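Peer 1: Quick one: structure below, then a few questions.
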Amino acid sequence: MAISYSLGATNNDTIVIDRTRATDPISATLLLVIQNQGTSTMYYKITETSGAWSISSPTNGELGSVSSGYKSGRKITLQRALPTSDTIETVTFTLEAYSDSGYTNLVESTTFSITFVIADIHSWPSYTKYDFDDGTSQGWSFDPSLYMTVSASKSITAGGYSVALTGSGYQQYTLTKSETLPSNSRVVMMLYYNVGSEYSIRKLHYIAIKVNGNTVFQAGVYDLPQVSTSGFIATDHTTTWDMIGVDLSDYAGQSVTIDIVVSAEGGYTYLDDIIIAGTNAL
């Protein structure tokens with residue numbers, strides 16, 4: 001079998017986008033972890049036919065080669081015009097494996113779907129935002145010995161605060177909070193991150209969200225020895241606050257423990273506006 005793939009975590013097949021803070025066009029990044037279970041090197045390509053979304057990177061959807069028996073992460077950047085109202089849409093992708101670098105000899109293909117929730121979550125009837133703008137952790141716990149602080153040095157809001165992860169070298173950070181989730185039919189969690197420019201080495205390896213210890217979302221890859229920096233979220237500072245959104249509807253109404261796990265190398269990483277929201281309208 002030439003194709004075996006995953007989307008990083010169980011709920012990565014639903015991407016939540018804050019419509020009020022998204023740019024036009026919307027840009028979304030999909031992480032695909034590909035494993036070549038064939039007996040020779042394969043070259044992979046991804047296509048989609050939704051009409052609304054298009055693949056802006058990599059060129060022509062060509063993901064490059066994966067050696068026999070190896071596993072590798074690939075980032076796919078998608079774009080779409082910003083809708084003027086809340087939208088839920090499912091996009092079907094085709095992942096193809098070719099035996100040649102010219103992508104002419106198709107060996108195998110498979111399809112999978114991603115659901116996009118593009119919504120003004122700030123207007124939802126159930127809405128909690130942790131913006132840290134009072135200078136406290138607002139109930140989130142973390143280990144200050146790892147150089148995790150609530151800091152005014154950078155915020156998504158002018159004059160505000162964020163959680164700053166400032167340890168040097170490679171470090172893994174965890175923010176934890178017990179939370180009773182809304183009982184609505186659609187429950188989502190958003191957070192925003194920014195990679196600072198304080199150091200010459202800046203690598204954001206991954207961000208994972210866990211509920212009761214179960215990984216429900218992961219952006220970036222960290223545990224694959226064959227993965228280069230192409231599997232990281234960022235290898236330099238980011239000039240904007242980027243969003244991560246995950247669907248938590250499977251846990252609606254439950255009292256849960258949420259962990260936000262961040263792996264970074266050098267530089268500063270900032271987290272802000274952690275939002276949990278619910279609605280019955282979508």
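Every chain in the structure tokens takes a letter, A first, then B, and so on in the order presented; its residues are numbered from 1, and the ligands are numbered from 1 following the presented order.
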Return as a tab-separated table the residues of stretch 28-60 of chain A lying at most 10 Å from stretch 111-132 of chain A, together with the closest atom-to-atom pair for each and the distance in Å to one decimal, counting only C-alpha atoms, with rows in chain order and ascending residue number.
Peer 2:
residue	atom	partner	partner_atom	distance
A:Ala28	CA	A:Phe116	CA	9.6
A:Leu30	CA	A:Ile114	CA	9.2
A:Ile46	CA	A:Thr111	CA	9.5
A:Thr47	CA	A:Thr111	CA	9.5
A:Glu48	CA	A:Thr111	CA	9.4
Peer 1: Can you write out the residues you just picked, keeping N, CA and C atoms, as a PDB file, in the first residue's frame?
Peer 2:
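Dumped everything to part36.pdb:
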ATOM      1  N   ALA A  28      -5.932  29.027   5.147  1.00  0.00           N
ATOM      2  CA  ALA A  28      -5.971  27.955   6.147  1.00  0.00           C
ATOM      3  C   ALA A  28      -4.877  26.947   5.822  1.00  0.00           C
ATOM      4  N   LEU A  30      -3.454  23.102   6.303  1.00  0.00           N
ATOM      5  CA  LEU A  30      -3.788  21.717   6.602  1.00  0.00           C
ATOM      6  C   LEU A  30      -2.491  20.931   6.741  1.00  0.00           C
ATOM      7  N   ILE A  46      -1.829  16.386  -4.053  1.00  0.00           N
ATOM      8  CA  ILE A  46      -3.165  16.573  -3.495  1.00  0.00           C
ATOM      9  C   ILE A  46      -3.955  17.537  -4.373  1.00  0.00           C
ATOM     10  N   THR A  47      -5.225  17.222  -4.580  1.00  0.00           N
ATOM     11  CA  THR A  47      -6.115  18.085  -5.350  1.00  0.00           C
ATOM     12  C   THR A  47      -7.452  18.203  -4.627  1.00  0.00           C
ATOM     13  N   GLU A  48      -8.209  19.241  -4.966  1.00  0.00           N
ATOM     14  CA  GLU A  48      -9.568  19.384  -4.426  1.00  0.00           C
ATOM     15  C   GLU A  48     -10.444  20.002  -5.487  1.00  0.00           C
TER      16      GLU A  48
END
Peer 1: Residues of stretch 20-242 of chain A classed as strand (DSSP E or B) by DSSP on the backbone are to be reported as a ChimeraX atom specification.
Peer 2: /A:26-35,42-48,54-57,62-66,71-80,87-98,106-119,126-130,141,148-151,162-165,170-180,186-195,203-211,214-219,234,242
Peer 1: Take atom CA of A:Glu179 and atom CA of A:Tyr268 and report the distance between them in Å, one decimal.
Peer 2: 27.0 Å
Peer 1: Could you check which of A:Tyr70, A:Glu96, A:Thr149, A:Met243 is closest to A:Ser40, using only C-alpha atoms?
Peer 2: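 The closest residue to A:Ser40 is A:Tyr70.
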Peer 1: Mind checking which residues fall within 10 Å of A:Gly167, counting only C-alpha atoms, ignoring those fewer than 6 positions away in the same chain, and posting them as a short mmCIF file (atom, residue, chain, number, x, y, z; two decimals) with N, CA and C atoms, in the first residue's frame?
Peer 2:
data_model
loop_
_atom_site.label_atom_id
_atom_site.label_comp_id
_atom_site.auth_asym_id
_atom_site.auth_seq_id
_atom_site.Cartn_x
_atom_site.Cartn_y
_atom_site.Cartn_z
N SER A 145 8.65 28.12 36.17
CA SER A 145 10.07 27.81 36.08
C SER A 145 10.51 27.57 34.64
N LEU A 146 9.53 27.35 33.74
CA LEU A 146 9.83 27.18 32.32
C LEU A 146 9.76 28.51 31.58
N TYR A 147 9.79 29.61 32.32
CA TYR A 147 9.72 30.95 31.74
C TYR A 147 8.40 31.16 31.00
N MET A 148 7.31 30.80 31.69
CA MET A 148 5.96 31.06 31.22
C MET A 148 5.38 32.15 32.12
N TYR A 173 5.97 23.51 26.56
CA TYR A 173 5.19 24.26 27.54
C TYR A 173 3.76 23.71 27.57
N ALA A 264 8.53 24.75 21.25
CA ALA A 264 9.20 25.85 20.54
C ALA A 264 10.70 25.76 20.77
N GLU A 265 11.43 26.38 19.88
CA GLU A 265 12.89 26.37 19.95
C GLU A 265 13.40 27.79 19.70
N GLY A 266 13.94 28.40 20.74
CA GLY A 266 14.43 29.77 20.61
C GLY A 266 13.27 30.76 20.48
N GLY A 267 13.57 32.01 20.62
CA GLY A 267 12.57 33.05 20.42
C GLY A 267 11.50 33.04 21.50
N TYR A 268 10.51 33.88 21.30
CA TYR A 268 9.37 33.97 22.21
C TYR A 268 8.13 33.55 21.45
N THR A 269 7.24 32.80 22.13
CA THR A 269 5.93 32.48 21.57
C THR A 269 4.87 33.05 22.50
#
Peer 1: Can you measure atom CA of A:Tyr98 to atom CA of A:Tyr206 for me? One decimal in Å is fine.
Peer 2: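 Straight-line distance from atom CA of A:Tyr98 to atom CA of A:Tyr206 works out to 29.0 Å.
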Peer 1: Just the number, please: distance in Å from atom CA of A:Leu175 to atom CA of A:Ile258, one decimal.
Peer 2: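 That distance, rounded to one decimal, is 8.1 Å.
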Peer 1: Would you please work out which residue, of A:Asn36, A:Ser67, A:Asn280, A:Thr104, is nearest to A:Arg186 when using only C-alpha atoms?
Peer 2: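 Between A:Asn36, A:Ser67, A:Asn280, A:Thr104, the residue approaching A:Arg186 most closely is A:Asn280.
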Peer 1: List as a PyMOL selection string the protein and nucleic acid residues near stretch 52-61 of chain A, meaning an atom at most 7 Å away when only C-alpha atoms are counted, but skip any in the same chain fewer than 2 places from it.
Peer 2: chain A and resi 45-47+50+63+76-80
Peer 1: Do you have, as CSV, the list of residues of stretch 11-92 of chain A lying at most 12 Å from stretch 191-197 of chain A, each with its nearest atom pair and that distance in Å to one decimal, counting only C-alpha atoms and ordered by chain then number?
Peer 2:
residue,atom,partner,partner_atom,distance
A:Val16,CA,A:Leu191,CA,10.6
A:Ile17,CA,A:Leu191,CA,10.4
A:Asp18,CA,A:Leu191,CA,9.9
A:Arg21,CA,A:Tyr192,CA,10.5
A:Ala22,CA,A:Tyr192,CA,11.7
Peer 1: Given the choices A:Gln218, A:Asp133, A:Arg74, A:Asp86, which gets closest to A:Thr157 if the distance is worked out from only C-alpha atoms?
Peer 2: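 Closest candidate: A:Asp133.
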Peer 1: Need to verify the contact set: A:Ser183, 7 Å, only C-alpha atoms, exclusion of same-chain residues closer than 2 positions in sequence. Can you return it as a ChimeraX atom specification?
Peer 2: /A:181,185,252-253
Peer 1: When distances are computed from only C-alpha atoms, which of A:Ala277, A:Leu165, A:Val211, A:Met42 shows the smallest separation from A:Gln254?
Peer 2: A:Val211
Peer 1: Which residues are near stretch 64-66 of chain A? Cut-off 6 Å, only C-alpha atoms, ignore same chain within fewer than 4 positions. Put them as a ChimeraX atom specification.
Peer 2: /A:41-44
Peer 1: Restricting it to N, CA and C atoms, dump the selection as an mmCIF file, in the first residue's frame.
Peer 2:
data_model
loop_
_atom_site.group_PDB
_atom_site.id
_atom_site.type_symbol
_atom_site.label_atom_id
_atom_site.label_comp_id
_atom_site.auth_asym_id
_atom_site.auth_seq_id
_atom_site.Cartn_x
_atom_site.Cartn_y
_atom_site.Cartn_z
ATOM 1 N N THR A 41 10.254 4.538 -3.357
ATOM 2 C CA THR A 41 9.918 5.948 -3.135
ATOM 3 C C THR A 41 8.687 6.331 -3.942
ATOM 4 N N MET A 42 7.796 7.092 -3.313
ATOM 5 C CA MET A 42 6.594 7.570 -3.977
ATOM 6 C C MET A 42 6.562 9.090 -3.944
ATOM 7 N N TYR A 43 5.880 9.667 -4.939
ATOM 8 C CA TYR A 43 5.707 11.113 -5.051
ATOM 9 C C TYR A 43 4.215 11.411 -4.899
ATOM 10 N N TYR A 44 3.900 12.355 -4.008
ATOM 11 C CA TYR A 44 2.514 12.562 -3.608
ATOM 12 C C TYR A 44 1.985 13.906 -4.112
#
